[in-house]
Structure formats: C-alpha cells, structure tokens
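Asker: My structure file entry12.txt, compact mmCIF, C-alpha atoms, is below:
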```txt
# COMPACT_ATOMS: atom_id res chain seq x y z
CA MET A 1 96.91 138.13 107.20
CA THR A 2 100.05 135.98 107.02
CA ASN A 3 102.35 136.11 103.97
CA ILE A 4 101.02 132.84 102.55
CA GLU A 5 97.40 133.99 103.02
CA GLN A 6 98.21 137.26 101.25
CA LEU A 7 99.91 135.44 98.34
CA PHE A 8 96.80 133.40 97.53
CA SER A 9 94.22 136.08 98.40
CA PHE A 10 93.57 136.89 94.72
CA LEU A 11 91.73 133.53 94.45
CA PRO A 12 88.05 133.10 95.45
CA TYR A 13 87.50 133.01 99.26
CA GLY A 14 90.13 135.71 99.94
CA LYS A 15 92.24 135.14 103.05
CA TYR A 16 91.07 131.52 103.33
CA ALA A 17 91.87 130.73 99.67
CA PHE A 18 95.23 129.07 100.48
CA TYR A 19 93.68 126.66 103.01
CA ILE A 20 90.61 125.84 100.91
CA TRP A 21 92.30 125.37 97.52
CA THR A 22 95.26 123.45 98.98
CA SER A 23 92.78 121.07 100.65
CA TYR A 24 90.88 120.50 97.40
CA ALA A 25 94.09 120.10 95.37
CA ILE A 26 95.47 117.46 97.78
CA CYS A 27 92.11 115.65 97.79
CA ILE A 28 91.91 115.56 93.97
CA LEU A 29 95.55 114.42 93.62
CA VAL A 30 95.37 111.62 96.21
CA MET A 31 91.94 110.34 95.14
CA GLY A 32 92.80 110.62 91.44
CA TYR A 33 96.09 108.74 91.88
CA THR A 34 94.43 106.00 93.97
CA LEU A 35 91.60 105.55 91.45
CA VAL A 36 93.89 105.44 88.38
CA ARG A 37 96.23 102.94 90.12
CA SER A 38 93.24 100.78 91.05
CA LEU A 39 91.71 100.85 87.56
CA ARG A 40 95.06 100.10 85.85
CA MET A 41 96.03 97.26 88.21
CA ARG A 42 94.29 94.49 86.25
CA THR A 43 95.43 95.71 82.81
CA THR A 44 99.05 96.01 83.98
CA LEU A 45 98.94 92.52 85.46
CA ILE A 46 97.50 90.96 82.29
CA LYS A 47 100.26 92.63 80.27
CA GLN A 48 102.90 91.30 82.72
CA LEU A 49 101.51 87.77 82.57
CA LYS A 50 101.41 87.93 78.76
CA ASP A 51 105.03 89.08 78.64
CA ASN A 52 106.01 86.24 80.98
CA LEU A 53 104.29 83.72 78.72
CA LYS A 54 106.04 85.16 75.65
CA ARG A 55 109.39 84.81 77.41
CA ILE A 56 108.72 81.15 78.25
CA PHE A 57 107.12 80.26 74.89
CA PRO A 58 108.64 82.64 72.28
CA GLU A 59 106.45 81.32 69.40
CA MET B 1 64.20 86.67 98.31
CA PHE B 2 66.58 85.01 100.77
CA LYS B 3 67.43 82.39 98.15
CA THR B 4 68.20 85.07 95.56
CA ILE B 5 70.56 86.86 97.99
CA LYS B 6 72.20 83.53 98.89
CA ASN B 7 72.70 82.68 95.20
CA TRP B 8 74.13 86.13 94.53
CA PHE B 9 76.66 85.72 97.36
CA HIS B 10 77.60 82.28 96.02
CA LEU B 11 78.09 83.79 92.57
CA MET B 12 80.21 86.69 93.89
CA GLY B 13 82.23 84.24 95.98
CA SER B 14 83.65 82.72 92.82
CA PRO B 15 86.68 84.74 91.59
CA ARG B 16 85.72 84.17 87.95
CA SER B 17 82.13 85.43 88.36
CA PHE B 18 83.35 88.28 90.58
CA ASP B 19 85.79 89.40 87.87
CA ARG B 20 83.07 89.36 85.20
CA ILE B 21 80.35 91.09 87.26
CA ALA B 22 82.69 93.68 88.83
CA GLY B 23 84.00 94.56 85.36
CA LYS B 24 80.47 95.50 84.31
CA ILE B 25 79.60 97.43 87.51
CA ILE B 26 82.78 99.54 87.89
CA PRO B 27 82.11 102.08 85.04
CA TRP B 28 78.63 102.77 86.49
CA LEU B 29 80.01 103.31 89.98
CA ILE B 30 82.62 105.74 88.69
CA ALA B 31 79.99 107.59 86.62
CA ILE B 32 77.66 107.97 89.65
CA PHE B 33 80.61 109.11 91.80
CA THR B 34 81.55 111.76 89.22
CA LEU B 35 77.97 113.02 88.91
CA LEU B 36 77.34 113.23 92.67
CA THR B 37 80.71 114.80 93.43
CA LEU B 38 80.53 117.45 90.71
CA THR B 39 77.01 118.42 91.83
CA GLY B 40 78.14 118.47 95.47
CA LEU B 41 81.17 120.62 94.62
CA TYR B 42 79.04 123.09 92.66
CA LEU B 43 76.47 123.41 95.45
CA GLY B 44 79.16 123.52 98.16
CA LEU B 45 81.60 125.94 96.57
CA VAL B 46 79.27 128.17 94.53
CA VAL B 47 75.70 128.00 95.85
CA ALA B 48 76.08 127.47 99.64
CA PRO B 49 76.23 130.73 101.64
CA THR B 50 79.15 131.91 103.77
CA ASP B 51 79.08 130.63 107.37
CA TYR B 52 78.21 133.33 109.93
CA GLN B 53 80.94 132.17 112.34
CA GLN B 54 83.76 130.59 110.30
CA GLY B 55 83.40 132.67 107.13
CA GLU B 56 84.53 130.96 103.90
CA SER B 57 86.95 128.57 105.62
CA TYR B 58 84.10 126.16 106.47
CA ARG B 59 84.04 125.05 102.78
CA ILE B 60 86.78 122.55 103.63
CA ILE B 61 83.94 120.62 105.33
CA TYR B 62 82.85 119.23 101.91
CA ILE B 63 85.98 117.09 101.68
CA HIS B 64 87.14 116.86 105.30
CA VAL B 65 83.96 115.35 106.78
CA PRO B 66 83.19 112.84 103.96
CA THR B 67 86.81 111.61 103.88
CA ALA B 68 86.90 111.28 107.69
CA TRP B 69 83.66 109.26 107.63
CA MET B 70 85.00 107.11 104.78
CA SER B 71 88.24 106.45 106.68
CA MET B 72 86.24 104.83 109.51
CA LEU B 73 83.64 103.10 107.31
CA ILE B 74 86.31 101.51 105.10
CA TYR B 75 88.19 100.20 108.14
CA VAL B 76 85.02 98.52 109.45
CA LEU B 77 84.26 97.03 106.01
CA MET B 78 87.88 95.88 105.71
CA ALA B 79 87.66 94.15 109.11
CA ILE B 80 84.33 92.49 108.16
CA ALA B 81 85.74 91.24 104.83
CA ALA B 82 88.91 90.04 106.60
CA THR B 83 86.78 88.17 109.18
CA VAL B 84 84.72 86.50 106.43
CA GLY B 85 87.96 85.51 104.68
CA LEU B 86 89.41 84.22 107.94
CA ILE B 87 86.39 82.08 108.87
CA TRP B 88 85.07 80.85 105.51
CA ARG B 89 88.33 81.13 103.52
CA ILE B 90 86.67 83.03 100.69
CA LYS B 91 89.33 84.43 98.34
CA VAL B 92 87.10 87.28 97.17
CA ALA B 93 86.64 88.44 100.79
CA ASP B 94 90.42 88.38 101.33
CA ALA B 95 90.88 90.42 98.14
CA ILE B 96 88.22 92.98 99.20
CA ALA B 97 89.92 93.40 102.59
CA SER B 98 93.33 93.73 101.02
CA ALA B 99 92.08 96.15 98.34
CA SER B 100 90.36 98.34 100.95
CA ALA B 101 93.52 99.19 102.91
CA PRO B 102 95.26 101.61 100.48
CA ILE B 103 91.94 103.32 99.67
CA GLY B 104 91.16 103.70 103.40
CA ALA B 105 94.69 105.01 104.01
CA ALA B 106 94.23 107.58 101.22
CA PHE B 107 90.96 108.83 102.78
CA THR B 108 92.53 108.96 106.26
CA PHE B 109 95.51 110.92 104.91
CA ILE B 110 93.19 113.44 103.19
CA ALA B 111 91.06 113.78 106.36
CA LEU B 112 94.17 114.51 108.45
CA VAL B 113 95.71 116.99 106.00
CA THR B 114 92.47 118.87 105.31
CA GLY B 115 91.74 118.92 109.05
CA SER B 116 95.13 120.48 109.62
CA LEU B 117 94.51 123.05 106.86
CA TRP B 118 91.16 123.89 108.45
CA GLY B 119 92.61 123.97 111.95
CA LYS B 120 95.25 126.60 111.19
CA PRO B 121 92.89 129.52 110.40
CA MET B 122 90.26 128.42 112.99
CA TRP B 123 92.33 127.21 115.97
CA GLY B 124 95.58 129.01 115.17
CA THR B 125 97.56 125.77 114.95
CA TRP B 126 98.20 123.04 112.35
CA TRP B 127 98.09 120.21 114.88
CA VAL B 128 97.25 119.41 118.50
CA TRP B 129 97.69 116.06 120.22
CA ASP B 130 94.07 115.82 121.27
CA ALA B 131 91.94 112.66 121.27
CA ARG B 132 90.20 113.07 117.89
CA LEU B 133 93.31 113.96 115.89
CA THR B 134 95.54 111.40 117.61
CA SER B 135 93.07 108.52 117.21
CA GLU B 136 92.63 109.38 113.51
CA LEU B 137 96.43 109.35 113.13
CA ILE B 138 96.49 105.91 114.80
CA LEU B 139 93.94 104.79 112.20
CA LEU B 140 96.37 105.80 109.44
CA PHE B 141 99.12 103.76 111.14
CA LEU B 142 96.74 100.79 111.41
CA TYR B 143 96.17 100.93 107.66
CA PHE B 144 99.95 101.17 107.07
CA GLY B 145 100.54 98.28 109.48
CA TYR B 146 97.97 96.13 107.67
CA MET B 147 99.58 96.86 104.27
CA ALA B 148 103.11 96.30 105.60
CA LEU B 149 102.12 92.97 107.15
CA GLN B 150 100.58 91.78 103.87
CA ALA B 151 103.66 92.85 101.93
CA ALA B 152 106.01 91.10 104.38
CA ILE B 153 104.45 87.63 103.95
CA ASP B 154 104.81 85.88 100.57
CA GLU B 155 102.21 83.15 100.99
CA PRO B 156 98.81 84.82 100.27
CA ARG B 157 96.73 82.69 102.68
CA THR B 158 99.12 83.27 105.63
CA ALA B 159 99.32 86.99 104.78
CA ALA B 160 95.51 87.25 104.73
CA ARG B 161 95.20 85.43 108.08
CA ALA B 162 97.83 87.50 109.88
CA SER B 163 96.58 90.83 108.56
CA ALA B 164 92.94 89.87 109.31
CA LEU B 165 93.81 89.58 112.99
CA LEU B 166 95.39 93.04 112.95
CA ALA B 167 92.31 94.47 111.18
CA ILE B 168 89.95 92.91 113.75
CA VAL B 169 91.95 94.14 116.75
CA GLY B 170 92.16 97.63 115.21
CA VAL B 171 88.37 97.99 115.09
CA VAL B 172 88.52 99.06 118.76
CA ASN B 173 89.92 102.39 117.50
CA ILE B 174 86.75 103.24 115.52
CA PRO B 175 84.40 104.00 118.48
CA ILE B 176 87.32 105.83 120.12
CA ILE B 177 87.56 108.14 117.08
CA HIS B 178 83.80 108.62 116.93
CA TYR B 179 83.20 109.33 120.62
CA SER B 180 86.51 111.10 121.34
CA VAL B 181 84.82 114.52 121.08
CA GLU B 182 82.33 113.48 123.80
CA TRP B 183 84.66 111.53 126.09
CA TRP B 184 87.53 114.04 126.26
CA ASN B 185 88.07 117.78 126.14
CA THR B 186 89.14 118.56 122.60
CA LEU B 187 89.55 121.46 120.22
CA HIS B 188 87.62 119.49 117.61
CA GLN B 189 83.93 120.36 117.34
CA GLY B 190 81.25 117.84 118.29
CA ALA B 191 78.70 116.09 116.06
CA THR B 192 76.94 118.40 113.61
CA VAL B 193 75.23 116.23 111.04
CA THR B 194 74.72 112.97 112.93
CA LYS B 195 72.96 114.50 115.94
CA ILE B 196 69.81 112.43 116.42
CA ASP B 197 67.47 115.29 117.45
CA LYS B 198 68.31 117.91 114.83
CA PRO B 199 71.43 118.48 112.70
CA SER B 200 72.89 121.91 113.52
CA ILE B 201 73.74 122.66 109.90
CA ASP B 202 71.61 124.59 107.43
CA ILE B 203 69.94 122.57 104.67
CA SER B 204 71.79 124.58 101.95
CA MET B 205 75.08 123.37 103.46
CA LEU B 206 73.83 119.89 104.37
CA VAL B 207 72.72 118.89 100.84
CA PRO B 208 76.16 119.29 99.18
CA LEU B 209 77.78 117.57 102.17
CA LEU B 210 75.49 114.55 101.78
CA LEU B 211 76.03 114.50 98.00
CA MET B 212 79.82 114.41 98.54
CA THR B 213 79.40 111.70 101.18
CA PHE B 214 77.36 109.46 98.86
CA GLY B 215 79.68 110.25 95.96
CA PHE B 216 82.73 109.08 97.96
CA LYS B 217 80.94 105.81 98.79
CA PHE B 218 80.56 105.10 95.07
CA TYR B 219 84.23 106.05 94.59
CA TYR B 220 85.23 103.48 97.22
CA ALA B 221 83.00 100.81 95.66
CA GLY B 222 84.49 101.40 92.19
CA ALA B 223 88.09 101.55 93.40
CA VAL B 224 87.85 98.54 95.73
CA LEU B 225 86.25 96.34 93.05
CA ALA B 226 88.92 97.37 90.53
CA ARG B 227 91.76 96.61 92.99
CA ALA B 228 90.18 93.34 94.11
CA ARG B 229 89.91 92.22 90.46
CA GLY B 230 93.64 92.82 90.03
CA LEU B 231 94.54 91.04 93.28
CA LEU B 232 92.39 88.00 92.41
CA LEU B 233 93.88 87.78 88.94
CA GLU B 234 97.37 87.80 90.46
CA ARG B 235 96.46 85.16 93.03
CA GLU B 236 94.68 82.93 90.48
CA GLN B 237 97.22 83.36 87.66
CA ASN B 238 97.76 79.60 87.31
CA THR B 239 94.06 78.75 86.93
CA ASN B 240 92.30 78.13 83.62
CA TRP B 241 89.94 81.13 83.79
CA VAL B 242 92.88 83.55 84.13
CA LYS B 243 94.74 81.79 81.30
CA GLU B 244 91.62 82.21 79.14
CA ILE B 245 91.51 85.93 79.94
CA ILE B 246 95.18 86.32 79.01
CA ALA B 247 94.72 84.33 75.79
CA ASN B 248 91.64 86.33 74.73
CA ASP B 249 93.01 89.76 75.69
```
Any chance you could put this one into structure tokens?
Answerer:
Amino acid sequence: MTNIEQLFSFLPYGKYAFYIWTSYAICILVMGYTLVRSLRMRTTLIKQLKDNLKRIFPE
Amino acid sequence: MFKTIKNWFHLMGSPRSFDRIAGKIIPWLIAIFTLLTLTGLYLGLVVAPTDYQQGESYRIIYIHVPTAWMSMLIYVLMAIAATVGLIWRIKVADAIASASAPIGAAFTFIALVTGSLWGKPMWGTWWVWDARLTSELILLFLYFGYMALQAAIDEPRTAARASALLAIVGVVNIPIIHYSVEWWNTLHQGATVTKIDKPSIDISMLVPLLLMTFGFKFYYAGAVLARARGLLLEREQNTNWVKEIIAND
C-alpha cells in the first residue's frame, strides 16, 4: 500500500478508499457547481437587468 | 400525431414559450435526477457485491462510465442543435447548443479525472497516451474551443455560426472515442455494457449503472434548459416579453 492509500484506508473500501472517494467528491463538486450556476443564471440576469433599469430611470 | 409534434416544436421554437415551459419542467427533471442518482448510488456503493477481479476499485464505474457516455452524447446533441440553429436560424437551438458546452465539458472533465483515479490502482499509472484517453482529452479541448470561440465574438448570430461549424467538424471525434478500444491496442477495457450479444456485467452491478446513466440524462436536461433560459433572456433583453418578466419579477 502507498502512503496515500494507507492514509485513507480507515474509510469504507480499504486500500481503494482514496481513489473511490476522491472520484465521488470531484464528481459531486463539479456537477453541483455546474447545476447551481445553471439554475442561478436567469435569476442573476434578471437582477442585473433590473439594476440597469434603476440606474437609467432612478424613479 | 405528426401535427401535435410539429405544433410542439413551433411552440418551443419561440423564446417566450420556451422560457415558460422550461421553467415548469426543470424542477421535475432535477427531482427525477436526484431520485435516480440516490437509488443508483445506494445500490452501487452498498448493495452491489465486490468484483472478483478488480475488488472494490470497480465502484468508480458508477460515475466514470455514465459521465463518459454523457460527454459524447452531449457533444452530438450540441452539434445537432448547432446545425438546426445554423440552417433554420432558430434562437432556441443556438441557446441549447451554447448551453450544452459547459455541461459537456464538466462531464468530460469528470470522466477523465475518475478514469485516471481508476487507472492508478488497476494499471499502475495515472495516465497513458493511448487512443481512448487521448481522444477523450481532445473532446475536452473541443468543448473548450467551442466556448472560447463563442466568448471571443460579440455579435450573437456570428458567434453561433462560427461555433456551430467547429461543433459539426468535431463530431468526427465521437466514433473515434467509441471505437478506439477496437481499432487500436489500448490499456482501456473494451465494451462491457453495450455488447450486442450479452453484457459481461452482472445484473446486480448493471442496474445501479443504468440508474446512474438515466439520472445523469435528467441532470443534463435540467441544467441545459436552465442555462438556455438564461442565455435567451440575455439575448432577448430588449424585447417586450423580457421587459414584462423584469417588470413583474
């Protein structure tokens, strides 16, 4: 077992724990970030357009 | 039947109708994705037995294979949408193509990283420049190239046209990725699930894999519709329907 494999071996799946859990963590982070960015895109844009309108027509 | 489909396409071709309908569908798509993925993860990580050859390390399959499939499927869908936008000048098709690129790039990135993390304990190396891995890396660069080209051109119509051509040319890479394990000698294993005669994977491992695969398709559908709504709103910001949305928000 390499040092990194030994360090994470207390987790489920023993000597493969580092590879498995790192894979799942990266997957959750990247997919989560992409989904949140996608879902917030429209709301952020509406807020920006509203702010622009307020700047042009203060009342 | 044909008339209903035609009417539906006409309806979805209008940015205003698309925005309204997509807004209603997205929460359902995300809910189905969550349900399928959580069930798939439970069956894959808890219920499925240990592999006789690879031990526990094979459990990376439940994200590596679905993300790799999605990376190719999304590219094809992106190229189809870009072609429709190029020929019929449908703004919604341009937005779908444009919205697909970052999602496809995210899936390709995950497929490459998880493949590398699976390769280390099985092959003894993080990376080899063989056909499957290299062609998948080229796919990531194609996605980046598409996004960079769109960002470099200010005028939306010109940007859509230029990037559509890149997307269409890049489709040639998809069969190369798929057949690379048959055409060249590679460390990567051959087809397991998609073998026509009989999949060489046990049913207890196949079910969670298919659940994850379907779940990721719903994820893509939800994310791409959400992004496309944002892109259309930005592009149509001077039209009355967008002004109404801003006024009523």
Asker: Output the contact residues of chain B with respect to chain A at a cut-off of 6 Å, based on all atoms listed in the file, as a VMD selection string.
Answerer: chain B and resid 56 to 57 60 110 114 117 223 226 to 227 230
Asker: With only C-alpha atoms as the atoms that count, which of B:Leu225, B:Glu234, B:Ser100, B:Tyr62 lies nearest to Ile21 (chain B)?
Answerer: B:Leu225
Asker: May I have the residues at most 10 Å from (81.6, 104.5, 98.5) in the file's coordinates, counting only C-alpha atoms, as an mmCIF file with C-alpha atoms, keeping the file's coordinate frame?
Answerer:
```cif
data_model
loop_
_atom_site.group_PDB
_atom_site.id
_atom_site.type_symbol
_atom_site.label_atom_id
_atom_site.label_comp_id
_atom_site.auth_asym_id
_atom_site.auth_seq_id
_atom_site.Cartn_x
_atom_site.Cartn_y
_atom_site.Cartn_z
ATOM 1 C CA LEU B 29 80.010 103.310 89.980
ATOM 2 C CA ILE B 30 82.620 105.740 88.690
ATOM 3 C CA PHE B 33 80.610 109.110 91.800
ATOM 4 C CA MET B 70 85.000 107.110 104.780
ATOM 5 C CA LEU B 73 83.640 103.100 107.310
ATOM 6 C CA ILE B 74 86.310 101.510 105.100
ATOM 7 C CA THR B 213 79.400 111.700 101.180
ATOM 8 C CA PHE B 214 77.360 109.460 98.860
ATOM 9 C CA GLY B 215 79.680 110.250 95.960
ATOM 10 C CA PHE B 216 82.730 109.080 97.960
ATOM 11 C CA LYS B 217 80.940 105.810 98.790
ATOM 12 C CA PHE B 218 80.560 105.100 95.070
ATOM 13 C CA TYR B 219 84.230 106.050 94.590
ATOM 14 C CA TYR B 220 85.230 103.480 97.220
ATOM 15 C CA ALA B 221 83.000 100.810 95.660
ATOM 16 C CA GLY B 222 84.490 101.400 92.190
ATOM 17 C CA ALA B 223 88.090 101.550 93.400
ATOM 18 C CA VAL B 224 87.850 98.540 95.730
#
```
Asker: Taking 4 positions as the minimum chain separation for residues in the same chain, which residues sit within 10 Å of region 163-180 of chain B when counting only C-alpha atoms? Answer as a VMD selection string.
Answerer: chain B and resid 68 to 69 71 to 73 75 to 86 94 97 to 98 101 130 to 139 142 to 143 145 to 151 153 158 to 159 184 to 186 188 190 to 191
Asker: Could you take the residues named above and write them with C-alpha atoms, as a PDB file, in the frame of the given file?
Answerer:
```pdb
ATOM      1  CA  ALA B  68      86.900 111.280 107.690  1.00  0.00           C
ATOM      2  CA  TRP B  69      83.660 109.260 107.630  1.00  0.00           C
ATOM      3  CA  SER B  71      88.240 106.450 106.680  1.00  0.00           C
ATOM      4  CA  MET B  72      86.240 104.830 109.510  1.00  0.00           C
ATOM      5  CA  LEU B  73      83.640 103.100 107.310  1.00  0.00           C
ATOM      6  CA  TYR B  75      88.190 100.200 108.140  1.00  0.00           C
ATOM      7  CA  VAL B  76      85.020  98.520 109.450  1.00  0.00           C
ATOM      8  CA  LEU B  77      84.260  97.030 106.010  1.00  0.00           C
ATOM      9  CA  MET B  78      87.880  95.880 105.710  1.00  0.00           C
ATOM     10  CA  ALA B  79      87.660  94.150 109.110  1.00  0.00           C
ATOM     11  CA  ILE B  80      84.330  92.490 108.160  1.00  0.00           C
ATOM     12  CA  ALA B  81      85.740  91.240 104.830  1.00  0.00           C
ATOM     13  CA  ALA B  82      88.910  90.040 106.600  1.00  0.00           C
ATOM     14  CA  THR B  83      86.780  88.170 109.180  1.00  0.00           C
ATOM     15  CA  VAL B  84      84.720  86.500 106.430  1.00  0.00           C
ATOM     16  CA  GLY B  85      87.960  85.510 104.680  1.00  0.00           C
ATOM     17  CA  LEU B  86      89.410  84.220 107.940  1.00  0.00           C
ATOM     18  CA  ASP B  94      90.420  88.380 101.330  1.00  0.00           C
ATOM     19  CA  ALA B  97      89.920  93.400 102.590  1.00  0.00           C
ATOM     20  CA  SER B  98      93.330  93.730 101.020  1.00  0.00           C
ATOM     21  CA  ALA B 101      93.520  99.190 102.910  1.00  0.00           C
ATOM     22  CA  ASP B 130      94.070 115.820 121.270  1.00  0.00           C
ATOM     23  CA  ALA B 131      91.940 112.660 121.270  1.00  0.00           C
ATOM     24  CA  ARG B 132      90.200 113.070 117.890  1.00  0.00           C
ATOM     25  CA  LEU B 133      93.310 113.960 115.890  1.00  0.00           C
ATOM     26  CA  THR B 134      95.540 111.400 117.610  1.00  0.00           C
ATOM     27  CA  SER B 135      93.070 108.520 117.210  1.00  0.00           C
ATOM     28  CA  GLU B 136      92.630 109.380 113.510  1.00  0.00           C
ATOM     29  CA  LEU B 137      96.430 109.350 113.130  1.00  0.00           C
ATOM     30  CA  ILE B 138      96.490 105.910 114.800  1.00  0.00           C
ATOM     31  CA  LEU B 139      93.940 104.790 112.200  1.00  0.00           C
ATOM     32  CA  LEU B 142      96.740 100.790 111.410  1.00  0.00           C
ATOM     33  CA  TYR B 143      96.170 100.930 107.660  1.00  0.00           C
ATOM     34  CA  GLY B 145     100.540  98.280 109.480  1.00  0.00           C
ATOM     35  CA  TYR B 146      97.970  96.130 107.670  1.00  0.00           C
ATOM     36  CA  MET B 147      99.580  96.860 104.270  1.00  0.00           C
ATOM     37  CA  ALA B 148     103.110  96.300 105.600  1.00  0.00           C
ATOM     38  CA  LEU B 149     102.120  92.970 107.150  1.00  0.00           C
ATOM     39  CA  GLN B 150     100.580  91.780 103.870  1.00  0.00           C
ATOM     40  CA  ALA B 151     103.660  92.850 101.930  1.00  0.00           C
ATOM     41  CA  ILE B 153     104.450  87.630 103.950  1.00  0.00           C
ATOM     42  CA  THR B 158      99.120  83.270 105.630  1.00  0.00           C
ATOM     43  CA  ALA B 159      99.320  86.990 104.780  1.00  0.00           C
ATOM     44  CA  TRP B 184      87.530 114.040 126.260  1.00  0.00           C
ATOM     45  CA  ASN B 185      88.070 117.780 126.140  1.00  0.00           C
ATOM     46  CA  THR B 186      89.140 118.560 122.600  1.00  0.00           C
ATOM     47  CA  HIS B 188      87.620 119.490 117.610  1.00  0.00           C
ATOM     48  CA  GLY B 190      81.250 117.840 118.290  1.00  0.00           C
ATOM     49  CA  ALA B 191      78.700 116.090 116.060  1.00  0.00           C
TER      50      ALA B 191
END
```
Asker: Which centre and edge lengths in Å to one decimal define the box along x, y and z that fits every listed atom of region 140-149 of chain B plus 8 Å per side, as JSON?
Answerer:
```
{"center_x": 99.6, "center_y": 99.4, "center_z": 107.8, "size_x": 22.9, "size_y": 28.8, "size_z": 23.1}
```
Asker: So the first atom is CA of Gln6 (chain A) and the second is CA of Lys120 (chain B); what is the distance between them in Å, to one decimal place?
Answerer: 14.9 Å
Asker: Please compute the CA of Gly44 (chain B)-CA of Val207 (chain B) distance, one decimal, in Å.
Answerer: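 So the answer is 8.4 Å.
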Asker: Just the number, please: distance in Å from CA of Phe2 (chain B) to CA of Ala95 (chain B), one decimal.
Answerer: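 Pair CA of Phe2 (chain B) / CA of Ala95 (chain B) returns 25.0 Å.
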Asker: Could you name the residues that touch Asp51 (chain B) at 10 Å or less, counting only C-alpha atoms, but leaving out those on the same chain fewer than 5 positions away, as a list in words?
Answerer: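 Returned residues: Glu56, Ser57, Tyr58, Arg59, Ile201, Asp202 and Met205 of chain B.
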Asker: Would you mind telling me which residue in B:Leu38, B:Val65, B:Pro121, B:Pro156 lies nearest to Ile4 (chain A) when using only C-alpha atoms?
Answerer: B:Pro121
Asker: Can you rebuild region 28-35 of chain A with all heavy atoms and give it as an mmCIF file, keeping the file's coordinate frame?
Answerer:
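part-v4.cif, freshly written:
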```cif
data_model
loop_
_atom_site.group_PDB
_atom_site.id
_atom_site.type_symbol
_atom_site.label_atom_id
_atom_site.label_comp_id
_atom_site.auth_asym_id
_atom_site.auth_seq_id
_atom_site.Cartn_x
_atom_site.Cartn_y
_atom_site.Cartn_z
ATOM 1 N N ILE A 28 92.026 115.999 95.372
ATOM 2 C CA ILE A 28 91.910 115.560 93.970
ATOM 3 C C ILE A 28 93.126 114.717 93.575
ATOM 4 O O ILE A 28 92.987 113.665 92.941
ATOM 5 C CB ILE A 28 91.741 116.791 93.030
ATOM 6 C CG1 ILE A 28 90.355 117.405 93.251
ATOM 7 C CG2 ILE A 28 91.915 116.401 91.567
ATOM 8 C CD1 ILE A 28 90.181 118.784 92.659
ATOM 9 N N LEU A 29 94.320 115.161 93.981
ATOM 10 C CA LEU A 29 95.550 114.420 93.620
ATOM 11 C C LEU A 29 95.555 113.020 94.221
ATOM 12 O O LEU A 29 95.790 112.034 93.519
ATOM 13 C CB LEU A 29 96.790 115.191 94.107
ATOM 14 C CG LEU A 29 97.245 116.358 93.235
ATOM 15 C CD1 LEU A 29 98.418 117.075 93.890
ATOM 16 C CD2 LEU A 29 97.658 115.864 91.847
ATOM 17 N N VAL A 30 95.297 112.919 95.521
ATOM 18 C CA VAL A 30 95.370 111.620 96.210
ATOM 19 C C VAL A 30 94.269 110.680 95.707
ATOM 20 O O VAL A 30 94.536 109.516 95.376
ATOM 21 C CB VAL A 30 95.298 111.792 97.745
ATOM 22 C CG1 VAL A 30 95.247 110.446 98.442
ATOM 23 C CG2 VAL A 30 96.487 112.592 98.253
ATOM 24 N N MET A 31 93.040 111.204 95.605
ATOM 25 C CA MET A 31 91.940 110.340 95.140
ATOM 26 C C MET A 31 92.112 109.961 93.679
ATOM 27 O O MET A 31 91.848 108.820 93.293
ATOM 28 C CB MET A 31 90.589 111.036 95.358
ATOM 29 C CG MET A 31 90.138 110.992 96.811
ATOM 30 S SD MET A 31 88.571 111.819 97.096
ATOM 31 C CE MET A 31 87.439 110.716 96.301
ATOM 32 N N GLY A 32 92.568 110.906 92.865
ATOM 33 C CA GLY A 32 92.800 110.620 91.440
ATOM 34 C C GLY A 32 93.871 109.562 91.260
ATOM 35 O O GLY A 32 93.683 108.593 90.515
ATOM 36 N N TYR A 33 94.983 109.707 91.973
ATOM 37 C CA TYR A 33 96.090 108.740 91.880
ATOM 38 C C TYR A 33 95.621 107.344 92.315
ATOM 39 O O TYR A 33 95.881 106.345 91.629
ATOM 40 C CB TYR A 33 97.253 109.219 92.747
ATOM 41 C CG TYR A 33 98.398 108.237 92.837
ATOM 42 C CD1 TYR A 33 99.300 108.111 91.779
ATOM 43 C CD2 TYR A 33 98.575 107.432 93.958
ATOM 44 C CE1 TYR A 33 100.342 107.203 91.850
ATOM 45 C CE2 TYR A 33 99.608 106.528 94.038
ATOM 46 C CZ TYR A 33 100.500 106.413 92.982
ATOM 47 O OH TYR A 33 101.529 105.510 93.059
ATOM 48 N N THR A 34 94.908 107.287 93.448
ATOM 49 C CA THR A 34 94.430 106.000 93.970
ATOM 50 C C THR A 34 93.480 105.329 92.977
ATOM 51 O O THR A 34 93.572 104.119 92.739
ATOM 52 C CB THR A 34 93.720 106.196 95.326
ATOM 53 O OG1 THR A 34 94.565 106.975 96.171
ATOM 54 C CG2 THR A 34 93.408 104.887 96.005
ATOM 55 N N LEU A 35 92.584 106.119 92.379
ATOM 56 C CA LEU A 35 91.600 105.550 91.450
ATOM 57 C C LEU A 35 92.288 105.040 90.173
ATOM 58 O O LEU A 35 92.022 103.922 89.722
ATOM 59 C CB LEU A 35 90.536 106.602 91.093
ATOM 60 C CG LEU A 35 89.369 106.095 90.252
ATOM 61 C CD1 LEU A 35 88.580 105.029 90.998
ATOM 62 C CD2 LEU A 35 88.430 107.226 89.866
#
```
